[in-house]
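Text of run_19.cif, listed as mmCIF, C-alpha atoms:
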```cif
data_input
#
loop_
_atom_site.label_atom_id
_atom_site.label_comp_id
_atom_site.auth_asym_id
_atom_site.auth_seq_id
_atom_site.Cartn_x
_atom_site.Cartn_y
_atom_site.Cartn_z
CA MET A 1 13.12 15.55 30.38
CA GLN A 2 14.95 18.80 29.58
CA VAL A 3 18.30 17.21 30.47
CA ASN A 4 17.65 14.34 28.03
CA VAL A 5 16.79 16.77 25.23
CA ILE A 6 19.99 18.75 25.81
CA HIS A 7 22.01 15.52 25.93
CA LYS A 8 20.53 14.34 22.62
CA MET A 9 21.24 17.71 21.00
CA ARG A 10 24.87 17.48 22.05
CA VAL A 11 25.24 13.89 20.85
CA ASP A 12 23.79 14.90 17.47
CA ARG A 13 26.18 17.84 17.29
CA LEU A 14 29.20 15.67 18.15
CA LEU A 15 28.25 13.16 15.48
CA SER A 16 27.73 15.86 12.85
CA MET A 17 30.99 17.51 13.89
CA LEU A 18 32.85 14.24 13.39
CA LEU A 19 31.41 13.88 9.91
CA ILE A 20 32.18 17.48 8.93
CA ILE A 21 35.82 17.12 9.95
CA SER A 22 36.08 13.72 8.26
CA ASN A 23 34.47 14.97 5.06
CA LYS A 24 36.35 18.28 4.72
CA GLY A 25 39.70 17.13 6.05
CA LEU A 26 40.55 20.37 7.85
CA VAL A 27 38.04 22.63 9.62
CA THR A 28 38.60 25.63 11.87
CA GLY A 29 36.91 26.06 15.23
CA LYS A 30 35.30 29.24 13.93
CA GLU A 31 33.74 27.38 10.99
CA LEU A 32 32.31 24.75 13.35
CA ALA A 33 30.98 27.41 15.73
CA GLU A 34 29.23 29.23 12.88
CA HIS A 35 27.80 26.00 11.46
CA PHE A 36 26.28 24.89 14.78
CA GLU A 37 25.58 28.44 16.02
CA VAL A 38 27.41 27.90 19.30
CA SER A 39 30.40 29.56 20.97
CA LEU A 40 34.04 28.66 20.35
CA ARG A 41 34.26 27.53 23.96
CA THR A 42 31.50 24.97 23.27
CA ILE A 43 33.39 23.71 20.21
CA TYR A 44 36.54 23.27 22.28
CA ARG A 45 34.61 21.20 24.84
CA ASP A 46 33.05 19.11 22.09
CA ILE A 47 36.45 18.38 20.55
CA GLU A 48 37.62 17.21 23.97
CA LYS A 49 34.61 14.90 24.23
CA LEU A 50 35.42 13.36 20.84
CA GLY A 51 38.94 12.71 22.09
CA GLU A 52 37.62 11.12 25.28
CA ALA A 53 35.52 8.82 23.09
CA GLY A 54 38.68 7.56 21.41
CA ILE A 55 38.34 9.52 18.16
CA PRO A 56 41.76 10.94 17.19
CA VAL A 57 40.87 14.55 16.35
CA ALA A 58 44.10 16.53 16.04
CA SER A 59 44.68 20.25 15.55
CA MET A 60 47.07 22.28 13.41
CA GLY A 61 47.88 25.80 14.58
CA GLY A 62 48.59 28.95 12.61
CA LYS A 63 47.14 30.33 9.42
CA GLY A 64 45.50 27.61 7.34
CA GLY A 65 45.24 25.36 10.37
CA GLY A 66 42.27 23.71 12.03
CA TYR A 67 40.97 20.37 13.26
CA TYR A 68 41.43 17.12 11.35
CA ILE A 69 41.08 13.41 11.98
CA MET A 70 44.39 11.60 12.18
CA GLU A 71 45.43 9.33 9.33
CA ASN A 72 44.24 5.70 9.27
CA TYR A 73 41.12 6.40 11.35
CA ASN A 74 38.24 5.26 9.12
CA VAL A 75 34.66 6.45 9.56
CA ASP A 76 33.54 4.97 6.24
CA ASN A 77 30.34 2.96 6.29
CA LEU A 78 29.43 4.35 9.69
CA PHE A 79 25.80 4.57 8.59
CA LEU A 80 25.17 2.85 5.27
CA LYS A 81 26.24 -0.02 3.07
CA LYS A 82 27.63 0.80 -0.38
CA ASP A 83 24.41 0.16 -2.29
CA GLU A 84 22.34 1.98 0.32
CA ALA A 85 24.55 5.04 0.12
CA SER A 86 24.45 5.10 -3.67
CA THR A 87 20.67 4.82 -3.79
CA PHE A 88 20.03 7.41 -1.11
CA MET A 89 22.46 9.92 -2.55
CA ALA A 90 20.63 9.87 -5.88
CA ILE A 91 17.54 10.95 -3.97
CA MET A 92 19.42 13.39 -1.75
CA ASN A 93 21.06 15.15 -4.68
CA ASN A 94 17.63 15.99 -6.06
CA LEU A 95 16.16 16.93 -2.70
CA ASN A 96 19.15 19.13 -1.93
CA PHE A 97 18.29 21.23 -4.98
CA LEU A 98 14.64 21.40 -3.98
CA PHE A 99 15.00 22.11 -0.26
CA GLY A 100 17.91 24.52 -0.41
CA LYS A 101 19.50 25.56 2.88
CA ASN A 102 18.16 23.47 5.76
CA ALA A 103 20.37 22.51 8.68
CA GLN A 104 18.75 19.17 9.52
CA PHE A 105 18.56 18.08 5.89
CA ASN A 106 22.13 19.12 5.12
CA ASP A 107 23.47 17.24 8.15
CA MET A 108 21.63 14.15 6.93
CA VAL A 109 23.16 14.53 3.46
CA LEU A 110 26.58 14.91 5.08
CA LYS A 111 26.20 11.57 6.85
CA ILE A 112 25.43 9.81 3.58
CA GLU A 113 28.11 11.65 1.59
CA ASN A 114 30.67 10.44 4.11
CA THR A 115 30.22 6.97 2.63
CA TYR A 116 29.10 7.92 -0.86
CA ASN A 117 32.05 10.12 -1.86
CA ARG A 118 34.50 7.27 -1.34
CA GLU A 119 32.74 4.79 -3.60
CA LYS A 120 33.22 4.26 -7.33
CA ASN A 121 30.49 3.82 -9.96
CA THR A 122 27.96 5.83 -8.00
CA ASP A 123 26.15 7.29 -11.01
CA LYS A 124 24.08 4.21 -11.76
CA LEU A 125 20.86 5.73 -10.40
CA SER A 126 19.32 9.09 -11.33
CA ILE A 127 16.12 10.43 -9.78
CA ASN A 128 14.26 13.63 -10.66
CA MET A 129 11.48 14.65 -8.26
CA SER A 130 10.75 18.03 -9.82
CA HIS A 131 7.65 18.76 -11.90
CA PHE A 132 8.05 19.80 -15.53
CA SER A 133 5.52 22.65 -15.31
CA MET A 134 6.69 24.33 -12.10
CA GLU A 135 10.30 23.49 -11.32
CA ASN A 136 11.14 26.97 -10.02
CA GLU A 137 7.93 27.25 -7.98
CA LEU A 138 8.51 23.77 -6.56
CA LYS A 139 11.87 24.74 -5.12
CA GLU A 140 10.40 27.90 -3.59
CA TYR A 141 7.30 26.11 -2.26
CA LEU A 142 9.26 23.28 -0.64
CA PHE A 143 11.58 25.76 1.04
CA LEU A 144 8.66 27.80 2.42
CA MET A 145 6.71 24.75 3.56
CA ASN A 146 9.73 23.26 5.30
CA GLN A 147 10.35 26.57 7.07
CA ALA A 148 6.69 26.84 8.08
CA ILE A 149 6.70 23.32 9.55
CA GLU A 150 9.87 24.01 11.54
CA GLU A 151 8.62 27.36 12.86
CA ASN A 152 4.93 26.40 13.37
CA LYS A 153 3.71 28.97 10.85
CA LEU A 154 0.42 28.78 8.98
CA MET A 155 0.47 28.32 5.21
CA VAL A 156 -1.89 30.51 3.18
CA PHE A 157 -2.54 29.89 -0.52
CA ASP A 158 -5.09 29.70 -3.32
CA TYR A 159 -6.05 26.13 -4.20
CA CYS A 160 -7.68 24.75 -7.34
CA ASN A 161 -9.91 21.71 -6.72
CA ARG A 162 -10.95 19.03 -9.23
CA GLN A 163 -13.85 21.20 -10.36
CA MET A 164 -11.32 23.89 -11.35
CA GLU A 165 -12.57 26.20 -8.59
CA TYR A 166 -10.09 28.35 -6.65
CA SER A 167 -10.50 29.12 -2.95
CA GLU A 168 -8.17 30.52 -0.33
CA ARG A 169 -6.94 27.95 2.17
CA ILE A 170 -5.35 28.47 5.58
CA VAL A 171 -3.49 25.33 6.59
CA GLU A 172 -1.58 24.18 9.65
CA PRO A 173 1.29 22.34 7.88
CA PHE A 174 2.23 18.92 9.21
CA GLN A 175 4.28 17.16 6.54
CA ILE A 176 5.67 17.36 3.01
CA ALA A 177 4.91 14.17 1.08
CA PHE A 178 5.99 12.73 -2.28
CA SER A 179 3.70 10.02 -3.66
CA SER A 180 3.01 8.58 -7.12
CA GLY A 181 5.14 11.22 -8.81
CA GLN A 182 3.50 14.19 -7.06
CA TRP A 183 4.44 16.49 -4.17
CA TYR A 184 1.85 17.19 -1.47
CA LEU A 185 1.42 19.43 1.54
CA VAL A 186 -0.24 17.54 4.39
CA GLY A 187 -1.93 19.58 7.08
CA PHE A 188 -5.06 20.69 8.90
CA CYS A 189 -7.24 22.82 6.63
CA ARG A 190 -9.14 25.45 8.58
CA TYR A 191 -11.46 25.97 5.60
CA ARG A 192 -12.55 22.30 5.63
CA ASP A 193 -11.98 21.81 9.37
CA ASP A 194 -10.16 18.56 8.68
CA TYR A 195 -6.83 17.12 7.57
CA ARG A 196 -6.17 17.29 3.84
CA ARG A 197 -3.50 16.56 1.23
CA PHE A 198 -2.85 19.47 -1.13
CA LYS A 199 -1.19 18.74 -4.47
CA LEU A 200 1.56 21.29 -5.06
CA VAL A 201 0.79 21.76 -8.75
CA ARG A 202 -2.63 23.12 -7.75
CA ILE A 203 -1.27 25.65 -5.25
CA ARG A 204 -0.84 29.32 -6.15
CA ASN A 205 0.35 32.38 -4.20
CA LEU A 206 1.84 30.34 -1.36
CA ARG A 207 2.90 32.38 1.65
CA MET A 208 3.50 31.99 5.38
CA GLY A 209 0.98 33.23 7.92
CA GLU A 210 0.94 33.73 11.67
CA ASP A 211 2.12 31.34 14.37
CA PHE A 212 -0.10 28.44 15.42
CA GLU A 213 -0.06 25.87 18.20
CA LYS A 214 0.82 22.45 16.86
CA ARG A 215 -1.87 19.78 17.33
CA ASP A 216 -1.10 16.66 19.33
CA ILE A 217 -1.54 14.06 16.60
CA SER A 218 0.73 11.40 15.09
CA LYS A 219 1.46 10.60 11.47
CA GLU A 220 -0.30 7.24 11.93
CA GLU A 221 -3.47 8.94 13.19
CA ILE A 222 -3.50 11.30 10.21
CA GLU A 223 -3.04 8.37 7.82
CA GLU A 224 -6.02 6.66 9.46
CA ILE A 225 -8.10 9.81 8.88
CA PHE A 226 -7.17 9.76 5.20
CA GLU A 227 -7.88 6.04 4.87
CA GLU A 228 -11.29 6.41 6.51
CA SER A 229 -12.11 9.33 4.21
CA TYR A 230 -11.01 7.25 1.22
CA ARG A 231 -13.23 4.35 2.32
CA ARG A 232 -16.26 6.62 2.70
CA SER A 233 -15.86 8.20 -0.73
CA SER A 234 -14.91 5.04 -2.65
CA ILE A 235 -16.92 2.57 -4.67
CA GLN A 236 -16.00 -0.89 -5.92
CA VAL A 237 -15.49 -0.97 -9.68
CA THR A 238 -15.06 -3.96 -11.98
CA LEU A 239 -13.13 -3.28 -15.18
CA LYS A 240 -12.45 -5.55 -18.15
CA PHE A 241 -9.24 -5.10 -20.12
CA SER A 242 -8.14 -6.47 -23.47
CA ASN A 243 -5.43 -9.08 -23.79
CA ARG A 244 -3.13 -6.47 -25.33
CA MET A 245 -3.39 -4.33 -22.18
CA GLY A 246 -3.08 -7.23 -19.78
CA LYS A 247 0.69 -7.33 -19.45
CA GLN A 248 0.82 -3.69 -18.42
CA LEU A 249 -1.86 -3.78 -15.72
CA THR A 250 0.60 -4.23 -12.86
CA GLU A 251 1.78 -0.67 -13.61
CA TYR A 252 -1.63 0.60 -12.53
CA PHE A 253 -3.14 -1.96 -10.16
CA GLN A 254 -2.03 -4.34 -7.44
CA GLU A 255 -1.42 -7.83 -8.75
CA GLU A 256 -3.94 -9.44 -6.39
CA ASN A 257 -6.72 -7.32 -7.96
CA ILE A 258 -6.02 -8.64 -11.47
CA GLN A 259 -7.48 -11.88 -12.82
CA GLN A 260 -7.07 -13.41 -16.27
CA THR A 261 -10.18 -14.89 -17.89
CA GLU A 262 -10.46 -18.04 -19.99
CA ASP A 263 -10.66 -15.98 -23.20
CA ASN A 264 -7.36 -14.23 -22.28
CA GLN A 265 -8.90 -10.97 -21.20
CA TYR A 266 -8.36 -9.42 -17.78
CA ILE A 267 -10.69 -8.44 -14.96
CA VAL A 268 -9.68 -5.84 -12.37
CA VAL A 269 -11.76 -5.34 -9.21
CA ASP A 270 -10.67 -2.34 -7.15
CA HIS A 271 -11.95 0.60 -5.10
CA PHE A 272 -11.80 4.16 -6.43
CA PRO A 273 -12.95 7.57 -5.15
CA TYR A 274 -16.36 8.29 -6.68
CA GLU A 275 -15.71 11.57 -8.46
CA GLU A 276 -15.32 12.99 -11.95
CA GLY A 277 -11.64 12.11 -11.96
CA LEU A 278 -12.61 8.42 -11.99
CA LEU A 279 -14.26 8.71 -15.41
CA LYS A 280 -11.25 10.54 -16.80
CA TYR A 281 -8.95 7.86 -15.40
CA ILE A 282 -10.95 5.03 -17.00
CA LEU A 283 -11.05 6.87 -20.32
CA SER A 284 -7.25 7.15 -20.24
CA PHE A 285 -7.15 3.42 -21.12
CA GLY A 286 -9.14 4.10 -24.29
CA LYS A 287 -10.84 1.18 -26.03
CA GLU A 288 -8.74 -1.33 -24.10
CA CYS A 289 -10.98 -0.94 -21.01
CA GLU A 290 -14.70 -1.47 -20.33
CA ILE A 291 -16.67 -0.83 -17.14
CA ILE A 292 -18.55 -3.97 -16.04
CA GLU A 293 -19.86 -2.84 -12.65
CA PRO A 294 -21.51 -0.78 -11.29
CA ARG A 295 -24.06 -0.21 -14.02
CA TYR A 296 -24.67 3.41 -13.08
CA LEU A 297 -21.00 4.17 -13.70
CA ARG A 298 -21.34 2.73 -17.22
CA ASP A 299 -24.27 5.08 -17.79
CA GLU A 300 -22.33 8.07 -16.44
CA LEU A 301 -19.39 7.30 -18.70
CA ARG A 302 -21.70 7.02 -21.72
CA GLU A 303 -23.16 10.46 -21.03
CA TYR A 304 -19.70 11.90 -20.43
CA VAL A 305 -18.53 10.61 -23.82
CA LYS A 306 -21.63 12.06 -25.51
CA GLU A 307 -20.79 15.49 -24.09
CA LEU A 308 -17.21 15.06 -25.23
CA LEU A 309 -18.27 14.12 -28.77
CA HIS A 310 -20.57 17.14 -28.88
CA LEU A 311 -17.47 19.36 -28.94
CA TYR A 312 -16.38 17.74 -32.22
CA ASN A 313 -19.74 17.37 -33.95
CA GLY A 314 -20.28 21.09 -34.54
#
```

Written form, structure tokens:
Amino acid sequence: MQVNVIHKMRVDRLLSMLLIISNKGLVTGKELAEHFEVSLRTIYRDIEKLGEAGIPVASMGGKGGGYYIMENYNVDNLFLKKDEASTFMAIMNNLNFLFGKNAQFNDMVLKIENTYNREKNTDKLSINMSHFSMENELKEYLFLMNQAIEENKLMVFDYCNRQMEYSERIVEPFQIAFSSGQWYLVGFCRYRDDYRRFKLVRIRNLRMGEDFEKRDISKEEIEEIFEESYRRSSIQVTLKFSNRMGKQLTEYFQEENIQQTEDNQYIVVDHFPYEEGLLKYILSFGKECEIIEPRYLRDELREYVKELLHLYNG
């Protein structure tokens, strides 16, 4: 087991070393040793292994010298097709800003850049995954969370729930997720004694805590926990939309949940978490949307609107 792990680490290092030399053109042994945090002797052995594999890595002595890959040896498209590289680099460029210095991430970017930098017309896609209200905090938070996941450190922070109540949370971080335009921290919340998703825009005073022992659970098992929690807290809702809104519904709902009526209106049947946020979501469609079922949700929305109007009737 241990031998296999060491072998994999060396293979990964050799591959990254090949890409660094290919991308930079000329790299010294000292630079490679510092990058991989190994000795010069290890770098020399790795260079020999690349040669044994048929990769023509040559060296230039003296000041300004180093290792380079001989002319006419092409490592382009070793990992990605042209369109794949272009698409992924648009994402990577944004993530690189957000994650900062991270060895694994930077090696992954290097692999994609190896193809990307040699292609033309690569600016056709632009992606921004930052949040307008907390761009600086987002960069800091992502860096801290990534470090905590790598080092098995607890995350401690103040969290604001949907009821606008703050409470301190101690979380065993598992994953950083980006979904529906929002960043999340996924982990085991010791306050709730369960796995939770924490929206980054609701986190304040984020800091690392003490070491913890990582739980033996897979990503798929955590997703099943979330899905089961969603099923328990959800209700089926039937909404009617105007004809004017109909063409836009696929932006908000899956196509199979949308049905056009004979009078050119639209019916959507879907499941939603039963919480205050549901009323706010339905109201976001304004007069273009009406709740059909369940009846109690219609009544709740009516009372909610009355309370809202009371603010403007004074």

Give me the residues within 9 Å of range 264-280 of chain A as a VMD selection string, counting all atoms listed in the file and dropping any in the same chain fewer than 3 places off.
chain A and resid 162 to 163 230 to 246 249 253 to 254 257 to 261 283 to 284 297 300 to 301 304

Counting only C-alpha atoms, the residue of A:Asp158, A:Glu34, A:Glu210, A:Glu140 that sits nearest Glu172 in chain A:
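Closest candidate: A:Glu210.
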
Spatial neighbours of Tyr44 in chain A, 12 Å, only C-alpha atoms, chain gap at least 6 places, as a list in words:
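So, after excluding close chain neighbours, the residues are Leu14, Met17, Thr28, Gly29, Lys30, Leu32, Ala33, Val38, Leu50, Gly51, Val57, Ala58, Ser59, Gly66 and Tyr67 of chain A.
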
Kindly compute an axis-aligned box around the listed atoms of range 234-241 of chain A, allowing 4 Å on each side, and express its centre and edge lengths in Å to one decimal as lines of an AutoDock Vina configuration file.
```
center_x = -13.1
center_y = -0.3
center_z = -11.4
size_x = 15.7
size_y = 18.6
size_z = 25.5
```

I need the residue set behind the PyMOL selection byres ((chain A and resi 189-195) around 12) for this file; please write it as a JSON list (two decimals) with C-alpha atoms, in the coordinates of the input.
```json
[["chain", "number", "residue", "atom", "x", "y", "z"],
["A", 154, "LEU", "CA", 0.42, 28.78, 8.98],
["A", 155, "MET", "CA", 0.47, 28.32, 5.21],
["A", 156, "VAL", "CA", -1.89, 30.51, 3.18],
["A", 157, "PHE", "CA", -2.54, 29.89, -0.52],
["A", 158, "ASP", "CA", -5.09, 29.70, -3.32],
["A", 159, "TYR", "CA", -6.05, 26.13, -4.20],
["A", 167, "SER", "CA", -10.50, 29.12, -2.95],
["A", 168, "GLU", "CA", -8.17, 30.52, -0.33],
["A", 169, "ARG", "CA", -6.94, 27.95, 2.17],
["A", 170, "ILE", "CA", -5.35, 28.47, 5.58],
["A", 171, "VAL", "CA", -3.49, 25.33, 6.59],
["A", 172, "GLU", "CA", -1.58, 24.18, 9.65],
["A", 173, "PRO", "CA", 1.29, 22.34, 7.88],
["A", 174, "PHE", "CA", 2.23, 18.92, 9.21],
["A", 175, "GLN", "CA", 4.28, 17.16, 6.54],
["A", 185, "LEU", "CA", 1.42, 19.43, 1.54],
["A", 186, "VAL", "CA", -0.24, 17.54, 4.39],
["A", 187, "GLY", "CA", -1.93, 19.58, 7.08],
["A", 188, "PHE", "CA", -5.06, 20.69, 8.90],
["A", 196, "ARG", "CA", -6.17, 17.29, 3.84],
["A", 197, "ARG", "CA", -3.50, 16.56, 1.23],
["A", 198, "PHE", "CA", -2.85, 19.47, -1.13],
["A", 212, "PHE", "CA", -0.10, 28.44, 15.42],
["A", 215, "ARG", "CA", -1.87, 19.78, 17.33],
["A", 217, "ILE", "CA", -1.54, 14.06, 16.60],
["A", 219, "LYS", "CA", 1.46, 10.60, 11.47],
["A", 221, "GLU", "CA", -3.47, 8.94, 13.19],
["A", 222, "ILE", "CA", -3.50, 11.30, 10.21],
["A", 223, "GLU", "CA", -3.04, 8.37, 7.82],
["A", 224, "GLU", "CA", -6.02, 6.66, 9.46],
["A", 225, "ILE", "CA", -8.10, 9.81, 8.88],
["A", 226, "PHE", "CA", -7.17, 9.76, 5.20],
["A", 227, "GLU", "CA", -7.88, 6.04, 4.87],
["A", 228, "GLU", "CA", -11.29, 6.41, 6.51],
["A", 229, "SER", "CA", -12.11, 9.33, 4.21]]
```

Quote the spacing between CA of Asp46 in chain A and CA of Ser16 in chain A in Å to one decimal place.
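That distance, rounded to one decimal, is 11.1 Å.
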
Proximity to Ile69 in chain A - best of A:Gly286, A:Ile43, A:Ser22, A:Phe178, only C-alpha atoms
A:Ser22

Might you spell out which residues the PyMOL selection byres ((chain A and resi 142) around 10) would select in the displayed file, as a list in words?
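When the PyMOL selection byres ((chain A and resi 142) around 10) is applied, the selected residues are Leu95, Leu98, Phe99, Gly100, Glu137, Leu138, Lys139, Glu140, Tyr141, Phe143, Leu144, Met145, Asn146, Gln147, Ala148, Ile176, Trp183, Tyr184, Leu185 and Leu200 of chain A.
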
Between A:Leu18, A:Glu288, A:Glu151, A:Gly64, which has the minimum distance to Gln248 in chain A (counting all atoms listed in the file)?
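So, comparing all the options, the nearest one is A:Glu288.
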
Enter the distance from CA of Arg298 in chain A to CA of Tyr281 in chain A, in Å, rounded to one decimal.
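According to the coordinates, CA of Arg298 in chain A and CA of Tyr281 in chain A are separated by 13.5 Å.
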
In Å, how far is it from CA of Tyr296 in chain A to CA of Leu311 in chain A?
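Those two atoms sit 23.6 Å apart.
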
Determine the nearest neighbour of Ile21 in chain A from the options A:Glu52, A:Glu165, A:Ile47, A:Asn152, counting only C-alpha atoms.
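Checking each of A:Glu52, A:Glu165, A:Ile47, A:Asn152 against Ile21 in chain A, counting only C-alpha atoms, the winner is A:Ile47.
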